[in-house]
Each structure stands twice: as structure tokens, then as C-alpha cells.
$ cat work-v6.tsv   # TSV, C-alpha atoms and all ligand atoms
chain	number	residue	atom	x	y	z
A	27	MET	CA	0.00	0.00	0.00
A	28	VAL	CA	1.33	3.44	-0.94
A	29	GLU	CA	1.43	5.97	1.87
A	30	LYS	CA	1.81	9.73	1.46
A	31	VAL	CA	4.35	10.81	4.08
A	32	PHE	CA	5.43	14.36	4.94
A	33	LEU	CA	9.22	14.70	4.58
A	34	CYS	CA	10.22	18.36	4.82
A	35	ARG	CA	9.36	21.91	3.80
A	36	ASP	CA	10.10	23.04	0.27
A	37	ASN	CA	11.68	26.30	1.45
A	38	GLU	CA	14.19	24.33	3.56
A	39	LEU	CA	15.81	23.06	0.35
A	40	ARG	CA	17.82	25.39	-1.82
A	41	GLU	CA	18.65	24.64	-5.45
A	42	SER	CA	20.95	21.58	-5.78
A	43	ASP	CA	20.43	20.85	-2.10
A	44	MET	CA	19.81	17.48	-0.44
A	45	ARG	CA	18.49	16.58	2.96
A	46	GLN	CA	18.45	13.29	4.84
A	47	VAL	CA	15.09	12.49	6.43
A	48	ALA	CA	14.14	9.75	8.90
A	49	VAL	CA	10.68	8.27	8.48
A	50	ALA	CA	9.03	6.40	11.35
A	51	GLY	CA	8.60	2.73	10.51
A	52	LEU	CA	11.04	2.80	7.60
A	53	GLU	CA	14.32	0.90	8.00
A	54	THR	CA	16.41	3.22	5.86
A	55	LYS	CA	16.47	6.99	5.91
A	56	LEU	CA	15.55	8.86	2.74
A	57	VAL	CA	17.14	11.74	0.88
A	58	VAL	CA	15.13	14.60	-0.57
A	59	TYR	CA	16.88	16.50	-3.38
A	60	LYS	CA	15.98	19.65	-5.30
A	61	VAL	CA	17.43	20.08	-8.78
A	62	LYS	CA	16.23	22.79	-11.18
A	63	GLY	CA	13.21	23.32	-8.93
A	64	LYS	CA	12.16	19.68	-9.12
A	65	VAL	CA	12.09	17.39	-6.08
A	66	TYR	CA	13.45	13.82	-6.06
A	67	ILE	CA	13.50	11.20	-3.31
A	68	THR	CA	15.79	8.19	-2.89
A	69	ASP	CA	16.98	5.84	-0.18
A	70	ALA	CA	19.85	7.35	1.79
A	71	LEU	CA	22.30	4.44	1.65
A	72	CYS	CA	24.47	3.51	-1.31
A	73	THR	CA	23.62	0.05	-2.64
A	74	HIS	CA	27.33	-0.80	-2.99
A	75	GLY	CA	28.55	-0.44	0.58
A	76	LYS	CA	25.87	1.31	2.64
A	77	ALA	CA	27.61	4.70	2.72
A	78	VAL	CA	25.38	7.69	3.44
A	79	LEU	CA	24.80	9.47	0.15
A	80	THR	CA	24.25	12.92	1.65
A	81	ASP	CA	27.98	12.83	2.53
A	82	GLY	CA	28.70	12.59	-1.20
A	83	ASP	CA	28.44	15.09	-4.04
A	84	LEU	CA	25.36	15.98	-6.05
A	85	GLU	CA	26.22	16.97	-9.61
A	86	GLY	CA	23.15	17.74	-11.66
A	87	THR	CA	20.89	14.76	-11.10
A	88	THR	CA	23.73	12.38	-10.23
A	89	ILE	CA	24.64	11.64	-6.63
A	90	TYR	CA	28.22	10.41	-6.12
A	91	CYS	CA	28.90	8.17	-3.14
A	92	PRO	CA	31.50	9.44	-0.63
A	93	LEU	CA	33.09	6.01	-0.13
A	94	HIS	CA	34.09	4.70	-3.58
A	95	GLY	CA	32.77	7.41	-5.86
A	96	GLY	CA	30.05	5.39	-7.55
A	97	GLY	CA	27.09	7.32	-8.89
A	98	PHE	CA	23.31	7.06	-9.19
A	99	ASP	CA	20.80	8.96	-11.27
A	100	ILE	CA	18.42	10.36	-8.64
A	101	CYS	CA	15.56	10.56	-11.19
A	102	THR	CA	15.53	6.85	-11.93
A	103	GLY	CA	17.79	5.32	-9.26
A	104	LYS	CA	19.83	3.70	-12.02
A	105	ALA	CA	23.49	3.10	-11.21
A	106	ALA	CA	25.36	5.73	-13.24
A	107	SER	CA	28.98	4.85	-12.60
A	108	PRO	CA	31.02	1.98	-11.12
A	109	PRO	CA	31.40	0.33	-8.72
A	110	CYS	CA	27.63	0.76	-8.27
A	111	THR	CA	25.52	-1.73	-10.20
A	112	VAL	CA	22.41	-2.23	-8.06
A	113	PRO	CA	19.83	0.55	-8.53
A	114	LEU	CA	18.98	2.93	-5.72
A	115	LYS	CA	15.34	2.91	-4.67
A	116	THR	CA	13.45	6.05	-5.66
A	117	TYR	CA	10.04	7.35	-4.59
A	118	PRO	CA	7.57	9.73	-6.22
A	119	ALA	CA	7.53	13.21	-4.69
A	120	VAL	CA	4.46	15.37	-4.22
A	121	VAL	CA	4.82	19.09	-3.49
A	122	GLU	CA	1.76	20.78	-2.04
A	123	GLY	CA	2.33	24.43	-1.23
A	124	ASN	CA	5.43	24.42	0.97
A	125	ASP	CA	5.14	20.76	1.98
A	126	ILE	CA	7.06	17.91	0.37
A	127	PHE	CA	5.61	14.42	0.66
A	128	GLY	CA	6.93	11.08	-0.52
A	129	LEU	CA	4.70	8.35	-1.86
A	130	LEU	CA	6.19	5.41	0.01
A	131	GLY	CA	5.36	1.76	-0.17
B	1	LIG	FE1	29.04	3.67	-2.35
B	1	LIG	FE2	31.00	1.89	-2.58
B	1	LIG	S1	29.83	2.35	-0.82
B	1	LIG	S2	30.31	3.28	-4.09

$ encode --input "work-v6.tsv" --output "C-alpha cells"
Amino acid sequence: MVEKVFLCRDNELRESDMRQVAVAGLETKLVVYKVKGKVYITDALCTHGKAVLTDGDLEGTTIYCPLHGGGFDICTGKAASPPCTVPLKTYPAVVEGNDIFGLLG
């Protein structure tokens, strides 16, 4: 079942910003990104070695892991550069006024 969960305020995220968010009942934390005014949501841990992606670098819509430099496309979750091969989970984002929600499930 898909659940609409509040994650953060839109005005807390600047352009090319990312924020780690904990969600009650969810094992992994999530990351909310804003790129060119659009919001994206992914799991917070790299699928290669469980590094925290908010410690890495966001370049355009690619997040580069701080541990081994692998990359993921935050729009699709697809692994964008080695050593990452397993996709990163992504979630649809809904922006209502100043509130950002994730459709989780
Ligand atoms: Fe992220 Fe290895 S832990 S690339």
C-alpha cells in the first residue's frame, strides 16, 4: 500500500540541495533533493557499501557516493557509474504548497 508521508518543507531546500530524512517505521532513511526546482526522493544508503549518500556530491541529477565514488541517477535510481551496479530505490515526490511528501510503499 502506498502511503503519502510528509518529509520536509520546500523552502528548507535550496537549489541543488539534499536533505536526509528519517521516516518512522522505515528501516532506511531517505534523501530529498531539489534540482532545477524539481524534487526527487531516494533511499539514503548507497547500494554498494551502505555509505550515506548525503555525505557525497550531487552533480546535476547524479549523486556520487562518498566512499568509492560510484554514482546514481536520482531521477531513476539507475546506477550511473562503477562500482555501483544495483539501482537505488526512488520514490515519487508530491509538493503541495510548501510541503514535500513522498509516496512510500
Ligand atoms: Fe558507495 Fe561503494 S559504498 S560506491

$ residues_around --input "work-v6.tsv" --residues "Thr73 (chain A)" --least-positions-apart "6" --cutoff "10 Å" --atoms "only C-alpha atoms" --output "list in words"
Leu79, Cys91, Gly96, Phe98, Ala105, Pro109, Cys110, Thr111, Val112, Pro113, Leu114 and Lys115 of chain A

$ closest_residue --input "work-v6.tsv" --among "A:Ser42, A:Asp99, A:Gly82, A:Thr88" --to "ligand LIG 1 (chain B)" --atoms "only C-alpha atoms and all ligand atoms"
A:Gly82

$ atom_distance --input "work-v6.tsv" --atom1 "CA of Gly131 (chain A)" --atom2 "CA of Ile100 (chain A)"
17.8 Å

$ closest_residue --input "work-v6.tsv" --among "A:Pro108, A:Cys101, A:Ala77, A:Leu93" --to "Tyr59 (chain A)" --atoms "only C-alpha atoms"
A:Cys101

$ closest_residue --input "work-v6.tsv" --among "A:Leu71, A:Cys34, A:Ala106, A:Met27" --to "Val121 (chain A)" --atoms "all atoms listed in the file"
A:Cys34

$ axis_aligned_box --input "work-v6.tsv" --around "ligand LIG 1 (chain B)" --padding-each-side "4 Å" --output "JSON"
{"center_x": 30.0, "center_y": 2.8, "center_z": -2.5, "size_x": 10.0, "size_y": 9.8, "size_z": 11.3}

$ atom_distance --input "work-v6.tsv" --atom1 "CA of Thr68 (chain A)" --atom2 "CA of Arg40 (chain A)"
17.4 Å

$ atom_distance --input "work-v6.tsv" --atom1 "atom FE2 of ligand LIG 1 (chain B)" --atom2 "CA of Leu56 (chain A)"
17.8 Å

$ residues_near_point --input "work-v6.tsv" --point "(11.8, 17.0, -4.0)" --cutoff "10 Å" --atoms "all atoms listed in the file" --output "ChimeraX atom specification"
/A:33-36,39,43-45,57-61,63-68,117-121,125-128

$ closest_residue --input "work-v6.tsv" --among "A:Val31, A:Val78, A:Cys72, A:Leu84" --to "ligand LIG 1 (chain B)" --atoms "all atoms listed in the file"
A:Cys72
